[in-house]
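One file, start.cif, is given below (mmCIF, C-alpha atoms and all ligand atoms).
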```cif
data_query
loop_
_atom_site.group_PDB
_atom_site.id
_atom_site.type_symbol
_atom_site.label_atom_id
_atom_site.label_comp_id
_atom_site.auth_asym_id
_atom_site.auth_seq_id
_atom_site.Cartn_x
_atom_site.Cartn_y
_atom_site.Cartn_z
ATOM 1 C CA MET R 795 75.577 112.579 287.612
ATOM 2 C CA PRO R 796 76.317 108.843 287.220
ATOM 3 C CA ARG R 797 79.912 108.210 288.208
ATOM 4 C CA LEU R 798 80.814 105.843 285.362
ATOM 5 C CA LYS R 799 78.813 107.368 282.523
ATOM 6 C CA GLY R 800 79.948 106.224 279.080
ATOM 7 C CA GLN R 801 82.567 103.842 280.433
ATOM 8 C CA VAL R 802 82.838 100.190 279.426
ATOM 9 C CA ALA R 803 83.307 97.535 282.096
ATOM 10 C CA PHE R 804 84.203 93.843 281.821
ATOM 11 C CA VAL R 805 83.148 91.714 284.819
ATOM 12 C CA THR R 806 84.232 88.099 285.168
ATOM 13 C CA GLY R 807 81.936 85.726 287.024
ATOM 14 C CA GLY R 808 79.184 88.304 286.514
ATOM 15 C CA GLY R 809 76.412 85.708 286.415
ATOM 16 C CA ARG R 810 75.737 85.569 290.138
ATOM 17 C CA GLY R 811 76.856 86.609 293.612
ATOM 18 C CA ILE R 812 79.315 89.458 294.013
ATOM 19 C CA GLY R 813 80.088 89.599 290.281
ATOM 20 C CA GLN R 814 76.429 90.097 289.455
ATOM 21 C CA ALA R 815 76.145 92.866 292.054
ATOM 22 C CA MET R 816 79.230 94.562 290.583
ATOM 23 C CA ALA R 817 77.809 94.335 287.067
ATOM 24 C CA LEU R 818 74.516 95.880 288.243
ATOM 25 C CA ALA R 819 76.257 98.600 290.263
ATOM 26 C CA PHE R 820 78.512 99.586 287.354
ATOM 27 C CA ALA R 821 75.457 99.727 285.089
ATOM 28 C CA ALA R 822 73.498 101.786 287.632
ATOM 29 C CA GLU R 823 76.371 104.305 287.502
ATOM 30 C CA GLY R 824 76.094 104.539 283.724
ATOM 31 C CA ALA R 825 78.671 102.014 282.532
ATOM 32 C CA ILE R 826 78.099 99.588 279.666
ATOM 33 C CA VAL R 827 78.816 96.150 281.108
ATOM 34 C CA GLY R 828 80.202 93.002 279.510
ATOM 35 C CA VAL R 829 79.031 90.149 281.715
ATOM 36 C CA ALA R 830 81.556 87.347 281.322
ATOM 37 C CA ASP R 831 80.592 84.037 282.873
ATOM 38 C CA ILE R 832 80.950 80.373 282.024
ATOM 39 C CA ASP R 833 77.254 79.783 282.761
ATOM 40 C CA PRO R 834 75.057 80.954 279.850
ATOM 41 C CA ALA R 835 71.808 81.032 281.881
ATOM 42 C CA THR R 836 73.104 83.231 284.700
ATOM 43 C CA THR R 837 75.002 85.433 282.252
ATOM 44 C CA ALA R 838 71.766 86.106 280.374
ATOM 45 C CA ALA R 839 69.910 86.695 283.673
ATOM 46 C CA THR R 840 72.366 89.403 284.738
ATOM 47 C CA VAL R 841 72.032 91.104 281.360
ATOM 48 C CA ARG R 842 68.240 91.081 281.770
ATOM 49 C CA GLU R 843 68.549 92.618 285.260
ATOM 50 C CA ILE R 844 70.712 95.403 283.850
ATOM 51 C CA GLU R 845 68.241 96.017 281.023
ATOM 52 C CA LYS R 846 65.456 96.296 283.616
ATOM 53 C CA ILE R 847 67.237 99.341 285.096
ATOM 54 C CA ALA R 848 67.603 100.764 281.563
ATOM 55 C CA GLY R 849 71.300 99.864 281.421
ATOM 56 C CA THR R 850 73.282 98.405 278.541
ATOM 57 C CA ALA R 851 74.973 95.027 278.872
ATOM 58 C CA ARG R 852 76.309 92.220 276.748
ATOM 59 C CA ALA R 853 76.403 88.530 277.584
ATOM 60 C CA LEU R 854 79.917 87.212 277.024
ATOM 61 C CA VAL R 855 79.791 83.497 277.715
ATOM 62 C CA ALA R 856 83.409 82.523 278.279
ATOM 63 C CA ASP R 857 85.725 80.370 280.311
ATOM 64 C CA VAL R 858 87.981 83.205 281.437
ATOM 65 C CA SER R 859 90.640 80.771 282.627
ATOM 66 C CA ARG R 860 91.386 80.122 278.954
ATOM 67 C CA ARG R 861 93.498 82.926 277.514
ATOM 68 C CA GLU R 862 91.875 82.693 274.098
ATOM 69 C CA ASP R 863 88.325 82.848 275.521
ATOM 70 C CA CYS R 864 89.127 85.738 277.836
ATOM 71 C CA LEU R 865 90.828 87.846 275.159
ATOM 72 C CA ARG R 866 88.054 87.077 272.669
ATOM 73 C CA ALA R 867 85.363 88.202 275.109
ATOM 74 C CA VAL R 868 87.125 91.488 275.841
ATOM 75 C CA ASP R 869 87.888 92.044 272.130
ATOM 76 C CA GLN R 870 84.182 91.597 271.339
ATOM 77 C CA LEU R 871 83.106 94.095 274.007
ATOM 78 C CA ALA R 872 85.761 96.704 273.204
ATOM 79 C CA SER R 873 85.243 96.496 269.467
ATOM 80 C CA GLU R 874 81.466 96.956 269.773
ATOM 81 C CA PHE R 875 81.689 99.966 272.107
ATOM 82 C CA GLY R 876 85.064 101.369 271.056
ATOM 83 C CA ARG R 877 86.698 101.417 274.476
ATOM 84 C CA LEU R 878 87.480 99.538 277.678
ATOM 85 C CA ASP R 879 87.727 101.319 281.038
ATOM 86 C CA ILE R 880 87.111 98.839 283.860
ATOM 87 C CA VAL R 881 88.027 95.196 284.365
ATOM 88 C CA ALA R 882 86.652 93.454 287.459
ATOM 89 C CA ASN R 883 88.248 90.065 288.086
ATOM 90 C CA ASN R 884 85.804 88.165 290.217
ATOM 91 C CA ALA R 885 85.296 84.617 288.825
ATOM 92 C CA ILE R 886 86.191 81.800 291.181
ATOM 93 C CA VAL R 887 85.964 78.072 291.656
ATOM 94 C CA PHE R 888 86.145 77.185 295.327
ATOM 95 C CA ARG R 889 86.532 73.884 297.174
ATOM 96 C CA ARG R 890 86.790 73.518 300.910
ATOM 97 C CA GLU R 891 88.857 70.430 301.742
ATOM 98 C CA HIS R 892 91.756 69.174 303.790
ATOM 99 C CA VAL R 893 95.073 69.453 301.993
ATOM 100 C CA SER R 894 95.363 65.644 301.958
ATOM 101 C CA GLU R 895 92.276 65.517 299.689
ATOM 102 C CA VAL R 896 93.436 68.058 297.116
ATOM 103 C CA ARG R 897 93.453 66.539 293.627
ATOM 104 C CA GLU R 898 95.666 67.705 290.812
ATOM 105 C CA ASP R 899 92.779 68.463 288.456
ATOM 106 C CA THR R 900 90.739 70.521 290.956
ATOM 107 C CA CYS R 901 93.845 72.362 292.117
ATOM 108 C CA GLU R 902 94.738 73.249 288.522
ATOM 109 C CA ARG R 903 91.168 74.348 287.798
ATOM 110 C CA MET R 904 91.037 76.610 290.840
ATOM 111 C CA ILE R 905 94.367 78.221 289.964
ATOM 112 C CA ALA R 906 93.352 78.658 286.334
ATOM 113 C CA VAL R 907 90.070 80.406 287.186
ATOM 114 C CA GLY R 908 91.139 82.246 290.340
ATOM 115 C CA LEU R 909 94.598 83.400 289.252
ATOM 116 C CA LYS R 910 95.524 82.802 285.610
ATOM 117 C CA SER R 911 92.392 84.554 284.350
ATOM 118 C CA LEU R 912 93.723 87.755 285.967
ATOM 119 C CA LEU R 913 96.788 87.575 283.727
ATOM 120 C CA TRP R 914 94.680 87.155 280.601
ATOM 121 C CA SER R 915 92.369 90.036 281.494
ATOM 122 C CA ALA R 916 95.423 92.178 282.294
ATOM 123 C CA GLN R 917 96.706 91.474 278.791
ATOM 124 C CA ALA R 918 93.297 92.432 277.430
ATOM 125 C CA ALA R 919 93.375 95.664 279.460
ATOM 126 C CA LEU R 920 96.746 96.583 277.964
ATOM 127 C CA ARG R 921 95.393 95.876 274.509
ATOM 128 C CA HIS R 922 92.226 97.958 274.850
ATOM 129 C CA MET R 923 92.570 100.622 277.554
ATOM 130 C CA ASP R 924 93.301 104.013 276.087
ATOM 131 C CA PRO R 925 96.918 105.100 276.798
ATOM 132 C CA ASP R 926 95.813 108.649 277.674
ATOM 133 C CA ARG R 927 92.613 107.931 279.580
ATOM 134 C CA GLY R 928 93.993 104.822 281.253
ATOM 135 C CA GLY R 929 91.643 102.535 283.121
ATOM 136 C CA VAL R 930 91.037 100.488 286.243
ATOM 137 C CA ILE R 931 91.472 96.845 287.180
ATOM 138 C CA ILE R 932 89.690 95.619 290.308
ATOM 139 C CA ASN R 933 90.612 92.218 291.681
ATOM 140 C CA ASN R 934 88.789 90.242 294.310
ATOM 141 C CA THR R 935 90.925 88.934 297.137
ATOM 142 C CA SER R 936 89.943 87.546 300.555
ATOM 143 C CA PRO R 937 90.853 87.837 304.242
ATOM 144 C CA VAL R 938 92.392 84.349 303.898
ATOM 145 C CA ALA R 939 95.172 85.956 301.868
ATOM 146 C CA GLU R 940 96.443 87.279 305.212
ATOM 147 C CA LEU R 941 94.937 84.915 307.790
ATOM 148 C CA GLY R 942 95.437 81.207 308.325
ATOM 149 C CA ALA R 943 92.325 79.177 307.457
ATOM 150 C CA ALA R 944 91.940 75.413 307.661
ATOM 151 C CA ASN R 945 90.700 73.429 304.673
ATOM 152 C CA SER R 946 91.422 76.316 302.321
ATOM 153 C CA ALA R 947 95.040 75.736 301.290
ATOM 154 C CA VAL R 948 94.583 76.178 297.555
ATOM 155 C CA TYR R 949 92.065 79.034 297.847
ATOM 156 C CA SER R 950 94.217 80.897 300.398
ATOM 157 C CA ALA R 951 97.299 80.527 298.218
ATOM 158 C CA ILE R 952 95.374 81.823 295.203
ATOM 159 C CA LYS R 953 94.091 84.850 297.122
ATOM 160 C CA GLY R 954 97.580 85.558 298.488
ATOM 161 C CA ALA R 955 98.778 85.517 294.887
ATOM 162 C CA VAL R 956 95.889 87.789 293.820
ATOM 163 C CA SER R 957 96.936 90.350 296.440
ATOM 164 C CA SER R 958 100.577 90.279 295.359
ATOM 165 C CA LEU R 959 99.630 90.337 291.675
ATOM 166 C CA THR R 960 97.531 93.435 292.430
ATOM 167 C CA ARG R 961 100.601 95.229 293.804
ATOM 168 C CA SER R 962 102.901 94.070 290.972
ATOM 169 C CA LEU R 963 100.488 95.073 288.225
ATOM 170 C CA ALA R 964 99.850 98.423 289.918
ATOM 171 C CA VAL R 965 103.566 99.163 289.584
ATOM 172 C CA GLU R 966 103.851 97.734 286.068
ATOM 173 C CA PHE R 967 100.698 99.452 284.751
ATOM 174 C CA GLY R 968 101.034 102.792 286.559
ATOM 175 C CA PRO R 969 102.914 104.386 283.661
ATOM 176 C CA ARG R 970 100.037 103.278 281.387
ATOM 177 C CA ARG R 971 97.630 105.158 283.722
ATOM 178 C CA ILE R 972 95.942 101.885 284.624
ATOM 179 C CA ARG R 973 95.143 101.685 288.331
ATOM 180 C CA VAL R 974 95.102 98.209 289.862
ATOM 181 C CA ASN R 975 93.346 97.628 293.180
ATOM 182 C CA ALA R 976 91.573 94.843 295.009
ATOM 183 C CA VAL R 977 88.513 94.570 297.178
ATOM 184 C CA CYS R 978 88.728 92.183 300.101
ATOM 185 C CA PRO R 979 85.237 91.050 301.051
ATOM 186 C CA GLY R 980 84.404 89.614 304.441
ATOM 187 C CA SER R 981 81.898 86.809 304.600
ATOM 188 C CA VAL R 982 79.167 87.264 301.999
ATOM 189 C CA PRO R 983 76.566 84.498 301.705
ATOM 190 C CA THR R 984 76.425 84.256 297.906
ATOM 191 C CA PRO R 985 75.102 81.196 296.037
ATOM 192 C CA GLY R 986 78.670 79.873 295.725
ATOM 193 C CA ALA R 987 79.667 80.556 299.329
ATOM 194 C CA ARG R 988 76.455 79.042 300.725
ATOM 195 C CA GLN R 989 77.335 75.715 299.099
ATOM 196 C CA ILE R 990 80.357 75.390 301.368
ATOM 197 C CA SER R 991 79.314 77.159 304.573
ATOM 198 C CA SER R 992 76.595 76.086 307.006
ATOM 199 C CA GLU R 993 74.355 78.469 308.968
ATOM 200 C CA ALA R 994 76.438 77.620 312.064
ATOM 201 C CA VAL R 995 79.574 78.826 310.278
ATOM 202 C CA TYR R 996 77.815 82.046 309.302
ATOM 203 C CA GLU R 997 76.639 82.610 312.882
ATOM 204 C CA SER R 998 80.183 82.240 314.179
ATOM 205 C CA ARG R 999 81.415 84.728 311.540
ATOM 206 C CA ARG R 1000 78.681 87.182 312.507
ATOM 207 C CA GLN R 1001 79.901 86.996 316.083
ATOM 208 C CA ARG R 1002 83.501 87.627 315.029
ATOM 209 C CA THR R 1003 82.573 90.616 312.874
ATOM 210 C CA PRO R 1004 82.797 93.903 314.801
ATOM 211 C CA LEU R 1005 79.915 95.394 312.786
ATOM 212 C CA GLY R 1006 77.795 92.384 313.787
ATOM 213 C CA ARG R 1007 76.553 91.297 310.395
ATOM 214 C CA LEU R 1008 77.631 89.490 307.260
ATOM 215 C CA GLY R 1009 78.393 91.369 304.053
ATOM 216 C CA THR R 1010 76.084 91.699 301.090
ATOM 217 C CA PRO R 1011 77.101 91.563 297.424
ATOM 218 C CA GLU R 1012 75.989 95.216 297.246
ATOM 219 C CA ASP R 1013 78.471 96.201 300.002
ATOM 220 C CA ILE R 1014 81.303 94.850 297.875
ATOM 221 C CA ALA R 1015 79.944 96.290 294.639
ATOM 222 C CA ALA R 1016 79.751 99.775 296.204
ATOM 223 C CA ALA R 1017 83.459 99.592 297.020
ATOM 224 C CA ALA R 1018 84.227 98.446 293.468
ATOM 225 C CA VAL R 1019 82.288 101.420 292.072
ATOM 226 C CA PHE R 1020 84.295 103.758 294.298
ATOM 227 C CA LEU R 1021 87.605 102.213 293.143
ATOM 228 C CA ALA R 1022 86.474 102.472 289.526
ATOM 229 C CA SER R 1023 85.400 106.103 289.867
ATOM 230 C CA SER R 1024 87.412 109.290 289.513
ATOM 231 C CA GLU R 1025 87.103 109.735 293.301
ATOM 232 C CA ALA R 1026 89.798 107.038 293.504
ATOM 233 C CA SER R 1027 91.990 108.541 290.787
ATOM 234 C CA PHE R 1028 95.132 108.538 292.980
ATOM 235 C CA ILE R 1029 94.499 105.101 294.462
ATOM 236 C CA THR R 1030 96.436 102.163 293.114
ATOM 237 C CA ALA R 1031 97.894 98.987 294.674
ATOM 238 C CA ALA R 1032 95.300 99.234 297.444
ATOM 239 C CA ILE R 1033 93.622 96.241 299.040
ATOM 240 C CA LEU R 1034 90.341 97.687 300.280
ATOM 241 C CA ARG R 1035 88.813 95.623 303.091
ATOM 242 C CA VAL R 1036 85.038 95.540 302.925
ATOM 243 C CA ASP R 1037 84.650 93.112 305.761
ATOM 244 C CA GLY R 1038 82.873 94.697 308.735
ATOM 245 C CA GLY R 1039 86.216 94.541 310.544
ATOM 246 C CA VAL R 1040 86.447 90.732 310.660
ATOM 247 C CA THR R 1041 90.003 90.594 309.321
ATOM 248 C CA VAL R 1042 91.452 92.526 312.255
ATOM 249 C CA PHE R 1043 89.253 90.989 314.956
ATOM 250 C CA GLY R 1044 91.509 89.857 317.762
ATOM 251 C CA GLY R 1045 88.984 89.031 320.456
ATOM 252 C CA ALA R 1046 86.397 90.784 322.589
HETATM 253 N N1 LIG A 1101 81.371 85.168 299.099
HETATM 254 C C1 LIG A 1101 82.307 85.433 299.984
HETATM 255 O O1 LIG A 1101 82.127 85.280 301.202
HETATM 256 C C2 LIG A 1101 83.649 85.943 299.517
HETATM 257 C C3 LIG A 1101 84.570 86.370 300.475
HETATM 258 C C4 LIG A 1101 85.821 86.838 300.042
HETATM 259 C C5 LIG A 1101 86.102 86.880 298.703
HETATM 260 N N2 LIG A 1101 85.168 86.472 297.790
HETATM 261 C C6 LIG A 1101 85.528 86.524 296.384
HETATM 262 O O2 LIG A 1101 84.490 87.155 295.660
HETATM 263 C C7 LIG A 1101 84.428 86.620 294.331
HETATM 264 C C8 LIG A 1101 83.026 86.170 293.996
HETATM 265 O O3 LIG A 1101 82.612 85.224 294.961
HETATM 266 P P1 LIG A 1101 81.109 84.704 295.021
HETATM 267 O O4 LIG A 1101 80.916 84.230 296.411
HETATM 268 O O5 LIG A 1101 80.197 85.704 294.411
HETATM 269 O O6 LIG A 1101 81.212 83.407 294.064
HETATM 270 P P2 LIG A 1101 80.080 82.552 293.283
HETATM 271 O O7 LIG A 1101 80.575 81.143 293.283
HETATM 272 O O8 LIG A 1101 78.702 82.799 293.845
HETATM 273 O O9 LIG A 1101 80.164 83.136 291.810
HETATM 274 C C9 LIG A 1101 81.294 82.882 291.016
HETATM 275 C C10 LIG A 1101 80.926 83.093 289.565
HETATM 276 O O10 LIG A 1101 82.115 82.802 288.766
HETATM 277 C C11 LIG A 1101 81.686 82.072 287.613
HETATM 278 N N3 LIG A 1101 82.806 81.307 287.046
HETATM 279 C C12 LIG A 1101 83.391 80.204 287.562
HETATM 280 N N4 LIG A 1101 84.346 79.749 286.727
HETATM 281 C C13 LIG A 1101 84.373 80.586 285.668
HETATM 282 C C14 LIG A 1101 85.137 80.641 284.475
HETATM 283 N N5 LIG A 1101 86.084 79.717 284.211
HETATM 284 N N6 LIG A 1101 84.904 81.622 283.590
HETATM 285 C C15 LIG A 1101 83.932 82.558 283.833
HETATM 286 N N7 LIG A 1101 83.171 82.548 284.951
HETATM 287 C C16 LIG A 1101 83.388 81.574 285.861
HETATM 288 C C17 LIG A 1101 80.561 81.196 288.146
HETATM 289 O O11 LIG A 1101 79.763 80.667 287.094
HETATM 290 C C18 LIG A 1101 79.823 82.149 289.067
HETATM 291 O O12 LIG A 1101 78.843 82.902 288.365
HETATM 292 C C19 LIG A 1101 85.471 85.510 294.287
HETATM 293 O O13 LIG A 1101 86.678 85.993 293.731
HETATM 294 C C20 LIG A 1101 85.652 85.159 295.747
HETATM 295 O O14 LIG A 1101 86.900 84.573 296.009
HETATM 296 C C21 LIG A 1101 83.947 85.992 298.175
#
```

Output the file's structure as structure tokens, nothing else.
Ligand SMILES: NC(=O)c1ccc[n+]([C@@H]2O[C@H](COP(=O)([O-])OP(=O)(O)OC[C@H]3O[C@@H](n4cnc5c(N)ncnc54)[C@H](O)[C@@H]3O)[C@@H](O)[C@H]2O)c1
Amino acid sequence: MPRLKGQVAFVTGGGRGIGQAMALAFAAEGAIVGVADIDPATTAATVREIEKIAGTARALVADVSRREDCLRAVDQLASEFGRLDIVANNAIVFRREHVSEVREDTCERMIAVGLKSLLWSAQAALRHMDPDRGGVIINNTSPVAELGAANSAVYSAIKGAVSSLTRSLAVEFGPRRIRVNAVCPGSVPTPGARQISSEAVYESRRQRTPLGRLGTPEDIAAAAVFLASSEASFITAAILRVDGGVTVFGGA
């Protein structure tokens, strides 16, 4: 029996990488998926992939950092299918740079996409998730929320905020039966991540990962499916590491 049959999921940044894998995994478990991405071509490609596995998906081209866009996309999905059960906040804009190089416009853009969009989708969840059935919000944080990492000041601060927002919303939304959790992926060579990490960087991460390999988008998506499913019905405010152990690695 598919674990998410009949449910409706909204996935931000669903055009590629981890977001695309989440969209496909939700669909494979029977959910109808709204693929929300700023890139029309990749959004349409993810919808086609879901249709290939006989799933149902809608392309919702949106800049989810803009409150109006984000709410409109969720409104469109929920009004077509009559419900909203799962929100996966995954969209990101990432720059790796020394703090001395951080520009006001890129910093604001990263915060808007990586953090503010979570507030807008939370508002959309409150608007559309059924008060009796409740729902699930899954955020995407990172090991850098807990660890120090050079050249990642803005990204680390955003992910720290995503982790604390996850806990705050879990408390605030618990009475509405909305569970709020986060996945914390280790290193996953997605199209976005590959733009900023060399093969040498990946090799060093492999060596620091107790399980001896990098993550795949499907590893992270499987954890998101679990958090979305009824198997996780008493889990909220959790930060689920899906990282091969890299976050706790303290040496050989
Ligand atoms: N890849 C990793 O190693 C890794 C590790 C830890 C955490 N994460 C987290 O996983 C998530 C996905 O990462 P990824 O590596 O798949 O990224 P990616 O760059 O490959 O994909 C990000 C997607 O977000 C979309 N997007 C960007 N701005 C948007 C906007 N304003 N509105 C809608 N969509 C927008 C992009 O078009 C793209 O499809 C992020 O939250 C990231 O921080 C990734």

Apply the PyMOL selection byres (((chain R and resi 980-996) around 6) and not hetatm) to the file shown and report the selected residues as a PyMOL selection string. chain R and resi 811+979+997-999+1008-1010+1037

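With distances taken over only C-alpha atoms and all ligand atoms, R:Ala867 is the one residue among R:Ile844, R:Ala867, R:Met795, R:Val827 lying closest to ligand LIG 1101 (chain A).
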
Nearby polymer residues, ligand LIG 1101 (chain A), at most 7 Å, all atoms listed in the file, as a PyMOL selection string: chain R and resi 806-813+830-833+836+856-859+884-887+907-908+934-937+978-987

Taking C-alpha atoms for each residue, export the selection above as a PDB file, keeping the file's coordinate frame.
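Generated output (result_39.pdb):
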```
ATOM      1  CA  THR R 806      84.232  88.099 285.168  1.00  0.00           C
ATOM      2  CA  GLY R 807      81.936  85.726 287.024  1.00  0.00           C
ATOM      3  CA  GLY R 808      79.184  88.304 286.514  1.00  0.00           C
ATOM      4  CA  GLY R 809      76.412  85.708 286.415  1.00  0.00           C
ATOM      5  CA  ARG R 810      75.737  85.569 290.138  1.00  0.00           C
ATOM      6  CA  GLY R 811      76.856  86.609 293.612  1.00  0.00           C
ATOM      7  CA  ILE R 812      79.315  89.458 294.013  1.00  0.00           C
ATOM      8  CA  GLY R 813      80.088  89.599 290.281  1.00  0.00           C
ATOM      9  CA  ALA R 830      81.556  87.347 281.322  1.00  0.00           C
ATOM     10  CA  ASP R 831      80.592  84.037 282.873  1.00  0.00           C
ATOM     11  CA  ILE R 832      80.950  80.373 282.024  1.00  0.00           C
ATOM     12  CA  ASP R 833      77.254  79.783 282.761  1.00  0.00           C
ATOM     13  CA  THR R 836      73.104  83.231 284.700  1.00  0.00           C
ATOM     14  CA  ALA R 856      83.409  82.523 278.279  1.00  0.00           C
ATOM     15  CA  ASP R 857      85.725  80.370 280.311  1.00  0.00           C
ATOM     16  CA  VAL R 858      87.981  83.205 281.437  1.00  0.00           C
ATOM     17  CA  SER R 859      90.640  80.771 282.627  1.00  0.00           C
ATOM     18  CA  ASN R 884      85.804  88.165 290.217  1.00  0.00           C
ATOM     19  CA  ALA R 885      85.296  84.617 288.825  1.00  0.00           C
ATOM     20  CA  ILE R 886      86.191  81.800 291.181  1.00  0.00           C
ATOM     21  CA  VAL R 887      85.964  78.072 291.656  1.00  0.00           C
ATOM     22  CA  VAL R 907      90.070  80.406 287.186  1.00  0.00           C
ATOM     23  CA  GLY R 908      91.139  82.246 290.340  1.00  0.00           C
ATOM     24  CA  ASN R 934      88.789  90.242 294.310  1.00  0.00           C
ATOM     25  CA  THR R 935      90.925  88.934 297.137  1.00  0.00           C
ATOM     26  CA  SER R 936      89.943  87.546 300.555  1.00  0.00           C
ATOM     27  CA  PRO R 937      90.853  87.837 304.242  1.00  0.00           C
ATOM     28  CA  CYS R 978      88.728  92.183 300.101  1.00  0.00           C
ATOM     29  CA  PRO R 979      85.237  91.050 301.051  1.00  0.00           C
ATOM     30  CA  GLY R 980      84.404  89.614 304.441  1.00  0.00           C
ATOM     31  CA  SER R 981      81.898  86.809 304.600  1.00  0.00           C
ATOM     32  CA  VAL R 982      79.167  87.264 301.999  1.00  0.00           C
ATOM     33  CA  PRO R 983      76.566  84.498 301.705  1.00  0.00           C
ATOM     34  CA  THR R 984      76.425  84.256 297.906  1.00  0.00           C
ATOM     35  CA  PRO R 985      75.102  81.196 296.037  1.00  0.00           C
ATOM     36  CA  GLY R 986      78.670  79.873 295.725  1.00  0.00           C
ATOM     37  CA  ALA R 987      79.667  80.556 299.329  1.00  0.00           C
TER      38      ALA R 987
END
```

Could you spell out the hits of the PyMOL selection byres (((chain R and resi 953-970) around 10) and not hetatm) on the shown file, as JSON, numbers by chain? {"R": [883, 905, 908, 909, 910, 912, 913, 916, 919, 920, 923, 924, 925, 926, 927, 928, 929, 930, 931, 932, 933, 934, 935, 936, 937, 938, 939, 940, 941, 948, 949, 950, 951, 952, 971, 972, 973, 974, 975, 976, 977, 978, 1029, 1030, 1031, 1032, 1033]}

Any idea what the distance is between CA of Ser1027 in chain R and CA of Ala821 in chain R? 19.6 Å

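Take CA of Leu854 in chain R and CA of Ala872 in chain R: the distance between them is 11.8 Å.
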
Residue among R:Val1042, R:Ala835, R:Leu798, R:Ile1014 lying closest to Ile880 in chain R, counting only C-alpha atoms: R:Leu798

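If you look at CA of Gly1039 in chain R and CA of Val893 in chain R, they are 27.9 Å away from each other.
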
Could you name the residues that touch Lys799 in chain R at 10 Å or less, counting all atoms listed in the file, but leaving out those on the same chain fewer than 6 positions away, as a PDB file with C-alpha atoms, in the coordinates of the input?
```
ATOM      1  CA  PHE R 820      78.512  99.586 287.354  1.00  0.00           C
ATOM      2  CA  ALA R 821      75.457  99.727 285.089  1.00  0.00           C
ATOM      3  CA  ALA R 822      73.498 101.786 287.632  1.00  0.00           C
ATOM      4  CA  GLU R 823      76.371 104.305 287.502  1.00  0.00           C
ATOM      5  CA  GLY R 824      76.094 104.539 283.724  1.00  0.00           C
ATOM      6  CA  ALA R 825      78.671 102.014 282.532  1.00  0.00           C
ATOM      7  CA  ILE R 826      78.099  99.588 279.666  1.00  0.00           C
ATOM      8  CA  SER R1023      85.400 106.103 289.867  1.00  0.00           C
TER       9      SER R1023
END
```

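For the structure in this document, the set picked by the PyMOL selection byres (((chain R and resi 1015) around 9) and not hetatm) is Ile812, Gly813, Gln814, Ala815, Met816, Ala817, Leu818, Ala819, Phe820, Thr1010, Pro1011, Glu1012, Asp1013, Ile1014, Ala1016, Ala1017, Ala1018, Val1019 and Phe1020 of chain R.
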
Edge lengths and centre, in Å to one decimal, as JSON: that's what I need for the box along x, y and z that holds all listed atoms of range 977-989 of chain R plus 8 Å on each side.
```
{"center_x": 81.9, "center_y": 85.1, "center_z": 300.2, "size_x": 29.6, "size_y": 34.9, "size_z": 24.9}
```

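Minimum distance to Ser1024 in chain R across R:Val805, R:Asp879, R:Glu902, R:Arg921 (counting only C-alpha atoms) occurs at R:Asp879.
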
Final N, CA and C atoms of range 1009-1020 of chain R as a PDB file, keeping the file's coordinate frame:
```
ATOM      1  N   GLY R1009      78.415  90.417 305.162  1.00  0.00           N
ATOM      2  CA  GLY R1009      78.393  91.369 304.053  1.00  0.00           C
ATOM      3  C   GLY R1009      77.314  91.010 303.047  1.00  0.00           C
ATOM      4  N   THR R1010      76.987  91.964 302.211  1.00  0.00           N
ATOM      5  CA  THR R1010      76.084  91.699 301.090  1.00  0.00           C
ATOM      6  C   THR R1010      76.869  91.921 299.798  1.00  0.00           C
ATOM      7  N   PRO R1011      76.433  91.297 298.704  1.00  0.00           N
ATOM      8  CA  PRO R1011      77.101  91.563 297.424  1.00  0.00           C
ATOM      9  C   PRO R1011      77.132  93.060 297.106  1.00  0.00           C
ATOM     10  N   GLU R1012      76.071  93.768 297.541  1.00  0.00           N
ATOM     11  CA  GLU R1012      75.989  95.216 297.246  1.00  0.00           C
ATOM     12  C   GLU R1012      77.040  95.998 298.029  1.00  0.00           C
ATOM     13  N   ASP R1013      77.389  95.537 299.243  1.00  0.00           N
ATOM     14  CA  ASP R1013      78.471  96.201 300.002  1.00  0.00           C
ATOM     15  C   ASP R1013      79.765  96.170 299.187  1.00  0.00           C
ATOM     16  N   ILE R1014      80.032  95.024 298.599  1.00  0.00           N
ATOM     17  CA  ILE R1014      81.303  94.850 297.875  1.00  0.00           C
ATOM     18  C   ILE R1014      81.250  95.635 296.556  1.00  0.00           C
ATOM     19  N   ALA R1015      80.092  95.577 295.917  1.00  0.00           N
ATOM     20  CA  ALA R1015      79.944  96.290 294.639  1.00  0.00           C
ATOM     21  C   ALA R1015      80.112  97.795 294.826  1.00  0.00           C
ATOM     22  N   ALA R1016      79.624  98.325 295.953  1.00  0.00           N
ATOM     23  CA  ALA R1016      79.751  99.775 296.204  1.00  0.00           C
ATOM     24  C   ALA R1016      81.223 100.163 296.300  1.00  0.00           C
ATOM     25  N   ALA R1017      82.020  99.305 296.925  1.00  0.00           N
ATOM     26  CA  ALA R1017      83.459  99.592 297.020  1.00  0.00           C
ATOM     27  C   ALA R1017      84.117  99.513 295.639  1.00  0.00           C
ATOM     28  N   ALA R1018      83.664  98.569 294.830  1.00  0.00           N
ATOM     29  CA  ALA R1018      84.227  98.446 293.468  1.00  0.00           C
ATOM     30  C   ALA R1018      83.890  99.682 292.637  1.00  0.00           C
ATOM     31  N   VAL R1019      82.666 100.189 292.800  1.00  0.00           N
ATOM     32  CA  VAL R1019      82.288 101.420 292.072  1.00  0.00           C
ATOM     33  C   VAL R1019      83.194 102.569 292.504  1.00  0.00           C
ATOM     34  N   PHE R1020      83.408 102.689 293.810  1.00  0.00           N
ATOM     35  CA  PHE R1020      84.295 103.758 294.298  1.00  0.00           C
ATOM     36  C   PHE R1020      85.687 103.613 293.667  1.00  0.00           C
TER      37      PHE R1020
END
```
